[in-house]
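Engineer: Got a file for you: run_29.pdb, PDB, C-alpha atoms, pLDDT in the B column.
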ATOM      1  CA  MET A  46      -9.875 -30.811   5.421  1.00 91.00           C
ATOM      2  CA  THR A  47      -6.796 -30.113   3.277  1.00 94.00           C
ATOM      3  CA  LEU A  48      -4.800 -26.897   3.545  1.00 95.00           C
ATOM      4  CA  ILE A  49      -6.095 -25.734   0.174  1.00 93.00           C
ATOM      5  CA  GLU A  50      -9.682 -26.252   1.384  1.00 94.00           C
ATOM      6  CA  LYS A  51      -8.913 -24.289   4.551  1.00 95.00           C
ATOM      7  CA  LEU A  52      -7.342 -21.488   2.506  1.00 94.00           C
ATOM      8  CA  ILE A  53     -10.332 -21.388   0.161  1.00 94.00           C
ATOM      9  CA  ASP A  54     -12.664 -21.020   3.153  1.00 94.00           C
ATOM     10  CA  ILE A  55     -10.572 -18.121   4.443  1.00 95.00           C
ATOM     11  CA  GLN A  56     -10.371 -16.492   0.995  1.00 93.00           C
ATOM     12  CA  VAL A  57     -14.138 -16.717   0.501  1.00 92.00           C
ATOM     13  CA  ASN A  58     -15.187 -15.573   3.982  1.00 93.00           C
ATOM     14  CA  LEU A  59     -12.480 -13.170   5.185  1.00 94.00           C
ATOM     15  CA  LYS A  60     -13.589  -9.549   5.449  1.00 91.00           C
ATOM     16  CA  SER A  61     -10.824  -7.092   6.267  1.00 89.00           C
ATOM     17  CA  LYS A  62     -12.088  -3.575   6.880  1.00 86.00           C
ATOM     18  CA  LYS A  63     -10.241  -0.528   5.682  1.00 87.00           C
ATOM     19  CA  THR A  64      -9.654   1.192   9.021  1.00 86.00           C
ATOM     20  CA  ARG A  65      -6.979   3.668   7.907  1.00 87.00           C
ATOM     21  CA  PHE A  66      -7.630   6.971   6.117  1.00 86.00           C
ATOM     22  CA  ASN A  67      -5.349   8.834   3.716  1.00 81.00           C
ATOM     23  CA  LYS A  68      -6.179  12.535   4.132  1.00 81.00           C
ATOM     24  CA  PHE A  69      -4.316  13.575   0.988  1.00 77.00           C
ATOM     25  CA  GLY A  70      -6.065  11.133  -1.320  1.00 77.00           C
ATOM     26  CA  GLY A  71      -9.324  11.094   0.594  1.00 81.00           C
ATOM     27  CA  TYR A  72      -9.611   7.307   0.684  1.00 82.00           C
ATOM     28  CA  HIS A  73      -9.705   4.487   3.229  1.00 83.00           C
ATOM     29  CA  PHE A  74      -7.223   1.637   3.089  1.00 85.00           C
ATOM     30  CA  ARG A  75      -6.286  -1.471   5.051  1.00 89.00           C
ATOM     31  CA  SER A  76      -2.917  -2.263   6.582  1.00 89.00           C
ATOM     32  CA  ALA A  77      -1.168  -5.598   7.097  1.00 91.00           C
ATOM     33  CA  GLU A  78      -2.209  -5.351  10.748  1.00 93.00           C
ATOM     34  CA  ASP A  79      -5.878  -4.986   9.725  1.00 93.00           C
ATOM     35  CA  ILE A  80      -5.619  -8.091   7.548  1.00 95.00           C
ATOM     36  CA  LEU A  81      -3.906 -10.140  10.259  1.00 94.00           C
ATOM     37  CA  GLU A  82      -6.496  -9.104  12.845  1.00 95.00           C
ATOM     38  CA  ALA A  83      -9.325 -10.188  10.511  1.00 95.00           C
ATOM     39  CA  CYS A  84      -7.564 -13.559  10.012  1.00 96.00           C
ATOM     40  CA  LYS A  85      -7.389 -14.545  13.680  1.00 96.00           C
ATOM     41  CA  PRO A  86     -10.807 -16.253  13.943  1.00 96.00           C
ATOM     42  CA  PHE A  87     -10.006 -18.325  10.840  1.00 97.00           C
ATOM     43  CA  LEU A  88      -6.588 -19.293  12.159  1.00 97.00           C
ATOM     44  CA  ASP A  89      -8.187 -20.687  15.301  1.00 95.00           C
ATOM     45  CA  LYS A  90     -11.048 -22.336  13.401  1.00 96.00           C
ATOM     46  CA  HIS A  91      -8.738 -24.163  10.959  1.00 97.00           C
ATOM     47  CA  LYS A  92      -5.734 -24.620  13.286  1.00 97.00           C
ATOM     48  CA  VAL A  93      -3.398 -22.890  10.837  1.00 97.00           C
ATOM     49  CA  CYS A  94      -0.921 -20.059  11.182  1.00 97.00           C
ATOM     50  CA  ILE A  95       0.227 -17.333   8.838  1.00 97.00           C
ATOM     51  CA  THR A  96       3.819 -16.153   8.797  1.00 97.00           C
ATOM     52  CA  ILE A  97       5.434 -13.290   6.937  1.00 97.00           C
ATOM     53  CA  THR A  98       9.113 -13.326   6.037  1.00 97.00           C
ATOM     54  CA  GLU A  99      11.121 -10.666   4.265  1.00 96.00           C
ATOM     55  CA  SER A 100      14.378 -10.610   2.395  1.00 94.00           C
ATOM     56  CA  ILE A 101      16.384  -8.001   0.540  1.00 91.00           C
ATOM     57  CA  ILE A 102      17.339  -8.590  -3.080  1.00 87.00           C
ATOM     58  CA  LEU A 103      20.446  -6.609  -3.995  1.00 82.00           C
ATOM     59  CA  GLU A 104      20.921  -7.711  -7.601  1.00 76.00           C
ATOM     60  CA  SER A 105      19.362  -4.592  -9.122  1.00 71.00           C
ATOM     61  CA  ALA A 106      20.272  -0.915  -9.210  1.00 75.00           C
ATOM     62  CA  TYR A 107      18.308  -0.392  -5.996  1.00 81.00           C
ATOM     63  CA  PRO A 108      17.315  -2.654  -3.103  1.00 87.00           C
ATOM     64  CA  ILE A 109      14.201  -4.745  -3.549  1.00 90.00           C
ATOM     65  CA  LEU A 110      12.212  -6.079  -0.612  1.00 92.00           C
ATOM     66  CA  LYS A 111      10.595  -9.475  -1.076  1.00 93.00           C
ATOM     67  CA  SER A 112       7.795 -10.278   1.361  1.00 95.00           C
ATOM     68  CA  THR A 113       6.387 -13.806   1.559  1.00 97.00           C
ATOM     69  CA  ALA A 114       3.109 -14.608   3.325  1.00 97.00           C
ATOM     70  CA  THR A 115       2.715 -18.300   4.135  1.00 97.00           C
ATOM     71  CA  ILE A 116      -0.191 -20.268   5.574  1.00 97.00           C
ATOM     72  CA  ILE A 117       0.844 -23.444   7.418  1.00 98.00           C
ATOM     73  CA  ASP A 118      -1.224 -26.264   8.922  1.00 96.00           C
ATOM     74  CA  GLY A 119       1.606 -28.371  10.363  1.00 92.00           C
ATOM     75  CA  ASN A 120       1.848 -30.615   7.302  1.00 93.00           C
ATOM     76  CA  ASP A 121       1.656 -28.353   4.278  1.00 96.00           C
ATOM     77  CA  SER A 122       2.218 -24.722   3.405  1.00 97.00           C
ATOM     78  CA  ILE A 123       1.085 -22.322   0.682  1.00 97.00           C
ATOM     79  CA  SER A 124       2.875 -19.030   0.018  1.00 96.00           C
ATOM     80  CA  ALA A 125       2.372 -15.805  -1.905  1.00 95.00           C
ATOM     81  CA  VAL A 126       4.965 -13.119  -2.595  1.00 94.00           C
ATOM     82  CA  ALA A 127       5.049  -9.358  -3.095  1.00 92.00           C
ATOM     83  CA  ILE A 128       8.065  -7.428  -4.394  1.00 91.00           C
ATOM     84  CA  VAL A 129       8.663  -3.740  -3.601  1.00 90.00           C
ATOM     85  CA  GLY A 130      11.522  -1.500  -4.700  1.00 86.00           C
ATOM     86  CA  ILE A 131      13.169   0.859  -2.209  1.00 85.00           C
ATOM     87  CA  ASP A 132      14.203   4.262  -3.526  1.00 80.00           C
ATOM     88  CA  GLU A 133      17.336   5.102  -1.540  1.00 80.00           C
ATOM     89  CA  ASN A 134      17.439   8.595  -3.059  1.00 78.00           C
ATOM     90  CA  GLN A 135      13.886   9.554  -2.122  1.00 76.00           C
ATOM     91  CA  LYS A 136      13.926  12.822  -0.235  1.00 79.00           C
ATOM     92  CA  GLY A 137      11.850  13.523   2.842  1.00 82.00           C
ATOM     93  CA  MET A 138      12.400  10.170   4.581  1.00 84.00           C
ATOM     94  CA  GLN A 139      15.204   8.761   6.673  1.00 87.00           C
ATOM     95  CA  MET A 140      16.565   5.366   5.552  1.00 84.00           C
ATOM     96  CA  PRO A 141      14.674   3.394   8.261  1.00 87.00           C
ATOM     97  CA  GLN A 142      11.442   5.085   7.151  1.00 87.00           C
ATOM     98  CA  LYS A 143      12.092   4.104   3.528  1.00 86.00           C
ATOM     99  CA  PHE A 144      12.607   0.452   4.458  1.00 88.00           C
ATOM    100  CA  GLY A 145       9.730   0.482   6.957  1.00 88.00           C
ATOM    101  CA  SER A 146       7.343   1.955   4.399  1.00 85.00           C
ATOM    102  CA  ALA A 147       8.391  -0.611   1.803  1.00 88.00           C
ATOM    103  CA  SER A 148       8.046  -3.388   4.382  1.00 91.00           C
ATOM    104  CA  SER A 149       4.496  -2.356   5.340  1.00 90.00           C
ATOM    105  CA  TYR A 150       3.499  -2.113   1.699  1.00 89.00           C
ATOM    106  CA  ALA A 151       5.055  -5.480   0.779  1.00 92.00           C
ATOM    107  CA  LYS A 152       3.500  -7.309   3.750  1.00 95.00           C
ATOM    108  CA  LYS A 153       0.076  -5.925   2.917  1.00 93.00           C
ATOM    109  CA  TYR A 154       0.309  -7.039  -0.698  1.00 92.00           C
ATOM    110  CA  ALA A 155       1.789 -10.461   0.101  1.00 94.00           C
ATOM    111  CA  LEU A 156      -1.131 -11.068   2.486  1.00 96.00           C
ATOM    112  CA  GLY A 157      -3.561  -9.704  -0.094  1.00 93.00           C
ATOM    113  CA  ASN A 158      -2.137 -12.064  -2.711  1.00 93.00           C
ATOM    114  CA  LEU A 159      -2.365 -15.068  -0.395  1.00 95.00           C
ATOM    115  CA  LEU A 160      -5.874 -14.283   0.827  1.00 95.00           C
ATOM    116  CA  LEU A 161      -7.223 -12.917  -2.494  1.00 91.00           C
ATOM    117  CA  LEU A 162      -8.070  -9.518  -1.048  1.00 89.00           C
ATOM    118  CA  ASP A 163      -8.870  -6.842  -3.561  1.00 73.00           C
ATOM    119  CA  ASP A 164      -8.854  -3.098  -3.211  1.00 60.00           C
ATOM    120  CA  THR A 165     -12.452  -2.513  -4.236  1.00 54.00           C
ATOM    121  CA  GLN A 166     -14.193  -0.003  -2.075  1.00 48.00           C
ATOM    122  CA  ASP A 167     -17.425  -0.562  -0.233  1.00 41.00           C
ATOM    123  CA  SER A 168     -20.602   1.274  -1.235  1.00 36.00           C
ATOM    124  CA  ASP A 169     -20.108   4.014   1.378  1.00 38.00           C
ATOM    125  CA  ALA A 170     -16.688   4.847  -0.020  1.00 42.00           C
ATOM    126  CA  THR A 171     -17.881   4.888  -3.625  1.00 47.00           C
ATOM    127  CA  ASN A 172     -21.103   6.820  -2.975  1.00 45.00           C
ATOM    128  CA  LYS A 173     -20.502  10.303  -4.372  1.00 49.00           C
ATOM    129  CA  HIS A 174     -23.443  11.854  -2.470  1.00 45.00           C
ATOM    130  CA  GLY A 175     -24.291  14.003  -5.470  1.00 49.00           C
ATOM    131  CA  LYS A 176     -20.751  15.334  -5.909  1.00 51.00           C
ATOM    132  CA  SER A 177     -18.253  14.598  -8.629  1.00 51.00           C
ATOM    133  CA  GLU A 178     -15.536  12.622  -6.832  1.00 49.00           C
ATOM    134  CA  LYS A 179     -13.112  13.151  -9.710  1.00 48.00           C
ATOM    135  CA  GLU A 180     -13.360  16.931  -9.409  1.00 54.00           C
ATOM    136  CA  THR A 181     -12.979  16.815  -5.643  1.00 66.00           C
ATOM    137  CA  ILE A 182      -9.825  14.682  -5.772  1.00 68.00           C
ATOM    138  CA  GLU A 183      -8.334  16.757  -8.594  1.00 75.00           C
ATOM    139  CA  ASP A 184      -9.010  19.939  -6.622  1.00 76.00           C
ATOM    140  CA  ARG A 185      -7.295  18.472  -3.542  1.00 76.00           C
ATOM    141  CA  ILE A 186      -4.294  17.340  -5.565  1.00 79.00           C
ATOM    142  CA  ASN A 187      -3.920  20.749  -7.228  1.00 77.00           C
ATOM    143  CA  LYS A 188      -4.228  22.491  -3.853  1.00 79.00           C
ATOM    144  CA  SER A 189      -1.650  20.175  -2.250  1.00 80.00           C
ATOM    145  CA  ILE A 190       0.852  20.732  -5.067  1.00 82.00           C
ATOM    146  CA  LYS A 191       0.261  24.489  -5.059  1.00 81.00           C
ATOM    147  CA  ASN A 192       0.661  24.743  -1.264  1.00 81.00           C
ATOM    148  CA  ALA A 193       3.802  22.581  -1.059  1.00 80.00           C
ATOM    149  CA  LYS A 194       6.609  24.646   0.460  1.00 80.00           C
ATOM    150  CA  ASP A 195       9.530  22.302  -0.214  1.00 79.00           C
ATOM    151  CA  VAL A 196      10.733  19.507  -2.492  1.00 79.00           C
ATOM    152  CA  PRO A 197      10.352  16.694   0.124  1.00 78.00           C
ATOM    153  CA  THR A 198       6.651  17.554   0.429  1.00 79.00           C
ATOM    154  CA  LEU A 199       6.285  17.359  -3.346  1.00 79.00           C
ATOM    155  CA  CYS A 200       8.092  13.996  -3.314  1.00 78.00           C
ATOM    156  CA  ARG A 201       5.607  12.666  -0.744  1.00 79.00           C
ATOM    157  CA  ILE A 202       2.704  13.877  -2.922  1.00 79.00           C
ATOM    158  CA  GLU A 203       4.372  12.266  -5.931  1.00 80.00           C
ATOM    159  CA  ASN A 204       4.722   8.924  -4.094  1.00 77.00           C
ATOM    160  CA  GLN A 205       1.084   8.981  -2.962  1.00 77.00           C
ATOM    161  CA  LEU A 206      -0.083   9.665  -6.512  1.00 77.00           C
ATOM    162  CA  ASP A 207       2.151   6.885  -7.805  1.00 74.00           C
ATOM    163  CA  GLU A 208       0.673   4.431  -5.271  1.00 72.00           C
ATOM    164  CA  ARG A 209      -2.816   5.270  -6.578  1.00 71.00           C
ATOM    165  CA  GLY A 210      -1.787   5.052 -10.241  1.00 70.00           C
ATOM    166  CA  LEU A 211      -2.361   8.785 -10.807  1.00 74.00           C
ATOM    167  CA  LEU A 212       1.204  10.014 -11.192  1.00 74.00           C
ATOM    168  CA  SER A 213       1.331  10.189 -14.998  1.00 76.00           C
ATOM    169  CA  LYS A 214      -1.327  12.921 -15.062  1.00 78.00           C
ATOM    170  CA  TRP A 215       0.433  15.055 -12.427  1.00 77.00           C
ATOM    171  CA  GLU A 216       4.113  14.305 -13.069  1.00 81.00           C
ATOM    172  CA  THR A 217       4.787  17.401 -15.212  1.00 83.00           C
ATOM    173  CA  ILE A 218       2.990  19.721 -12.784  1.00 85.00           C
ATOM    174  CA  ILE A 219       4.967  18.322  -9.835  1.00 82.00           C
ATOM    175  CA  GLU A 220       8.278  18.658 -11.705  1.00 85.00           C
ATOM    176  CA  GLU A 221       7.436  22.279 -12.548  1.00 85.00           C
ATOM    177  CA  ALA A 222       6.587  22.959  -8.899  1.00 84.00           C
ATOM    178  CA  LYS A 223       9.893  21.380  -7.806  1.00 82.00           C
ATOM    179  CA  SER A 224      11.783  23.557 -10.291  1.00 83.00           C
ATOM    180  CA  LYS A 225      10.096  26.707  -8.968  1.00 83.00           C
ATOM    181  CA  ILE A 226      11.017  25.834  -5.375  1.00 80.00           C
ATOM    182  CA  ILE A 227      14.618  25.052  -6.338  1.00 80.00           C
ATOM    183  CA  GLU A 228      14.881  28.338  -8.275  1.00 78.00           C
ATOM    184  CA  LYS A 229      13.680  30.250  -5.191  1.00 76.00           C
ATOM    185  CA  GLU A 230      16.317  28.516  -3.060  1.00 69.00           C
ATOM    186  CA  ILE A 231      19.167  29.454  -5.411  1.00 64.00           C
TER     187      ILE A 231
END
Translate this file's structure into structure tokens.

Structural biologist:
Amino acid sequence: MTLIEKLIDIQVNLKSKKTRFNKFGGYHFRSAEDILEACKPFLDKHKVCITITESIILESAYPILKSTATIIDGNDSISAVAIVGIDENQKGMQMPQKFGSASSYAKKYALGNLLLLDDTQDSDATNKHGKSEKETIEDRINKSIKNAKDVPTLCRIENQLDERGLLSKWETIIEEAKSKIIEKEI
């Protein structure tokens, strides 16, 4: 069996559960560790290994983390890459947390690219149980923004919305909330 055939078998049959829960967004997600754990039976079955390497790219205005996931069978290798920017000016996190967060995110997406994992949700997660999910999430977002006591909290909310592709709708509201907090501090 060639490496590409082994990889295809893994891509078709791998099931990586979303064992983590984001309380703010109300959704389940998988981590790089979840993906790697789900891979182990396939690694043994096909006598392959998966490695993840990272490097920093400093040619832009801010550091960029490049994560490469590679499957190797002793003869051949196949790789996939994910690129993540690191915001050095982001408030609310220490520098190691910023790099660690970017690293986790990049590893997860490099593995997802290699193994063709998608972020579709299972039927339990998408079942609305008679409720409008959109209203529920919007209510939680509004409540979180309204209850934020400081700018770092608003930055964390902003980052979570950006990760889910929802920031454009809430960006103005978050900026107004930041301005109000800053005005109170002055």

Engineer: I want to know what sits within 12 Å of segment 212-214 of chain A, based on only C-alpha atoms, with residues of the same chain fewer than 2 positions away left out; could you give that as a count of residues only?

Structural biologist: 20

Engineer: Within 12 Å of (3.5, -0.6, 3.4), only C-alpha atoms: residues as JSON, numbers by chain?

Structural biologist: {"A": [74, 75, 76, 77, 78, 110, 112, 127, 128, 129, 130, 131, 142, 143, 144, 145, 146, 147, 148, 149, 150, 151, 152, 153, 154, 155, 156, 205, 208]}

Engineer: Atom CA of Lys68 of chain A to atom CA of Ser189 of chain A: how many Å, to one decimal?

Structural biologist: 10.9 Å

Engineer: Using Å and a single decimal, report how far atom CA of Gly119 of chain A sits from atom CA of Leu48 of chain A.

Structural biologist: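 That distance, rounded to one decimal, is 9.5 Å.
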
Engineer: Hey, which of A:Thr47, A:Gly71, A:Gln139, A:Phe66 ends up closest to His91 of chain A? Count all atoms listed in the file.

Structural biologist: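 Nearest to His91 of chain A: A:Thr47.
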
Engineer: Between atom CA of Asp132 of chain A and atom CA of Lys191 of chain A, what is the spacing in Å?

Structural biologist: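 Atom CA of Asp132 of chain A lies 24.6 Å from atom CA of Lys191 of chain A.
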
Engineer: Select, from A:Asp118, A:Glu104, A:Asp89, A:Asp163, the residue with the minimum atom-to-atom distance to Lys60 of chain A, counting all atoms listed in the file.

Structural biologist: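 Distance minimum relative to Lys60 of chain A lands on A:Asp163.
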
Engineer: Check the smallest atom-to-atom distance from each of A:Ile116, A:Met46, A:Leu52, A:Ile80 to Leu162 of chain A using all atoms listed in the file, then report the winner.

Structural biologist: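 Result for the nearest residue to Leu162 of chain A: A:Ile80.
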
Engineer: So what does the PyMOL selection byres ((chain A and resi 56) around 10) actually pick up in this one, as a ChimeraX atom specification?

Structural biologist: /A:50-55,57-60,84,157,159-162

Engineer: Between A:Asn192, A:Asn158, A:Ser224, A:Thr115, single out the one closest to Thr98 of chain A, counting only C-alpha atoms.

Structural biologist: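 Ranked by minimum distance to Thr98 of chain A, first place goes to A:Thr115.
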
Engineer: I would like the residues chosen by the PyMOL selection byres ((chain A and resi 97) around 6) on the shown file; could you give them as a list in words?

Structural biologist: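 Here the PyMOL selection byres ((chain A and resi 97) around 6) matches Thr96, Thr98, Thr113 and Ala114 of chain A.
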
Engineer: From the options A:Lys62, A:Lys188, A:His73, A:Lys92, which residue's atoms come nearest to Ile117 of chain A, counting all atoms listed in the file?

Structural biologist: A:Lys92

Engineer: Could you check which of A:Trp215, A:Glu221, A:Val196, A:Ile226 is closest to Gly137 of chain A, using only C-alpha atoms?

Structural biologist: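 Of the candidates, the smallest distance to Gly137 of chain A is held by A:Val196.
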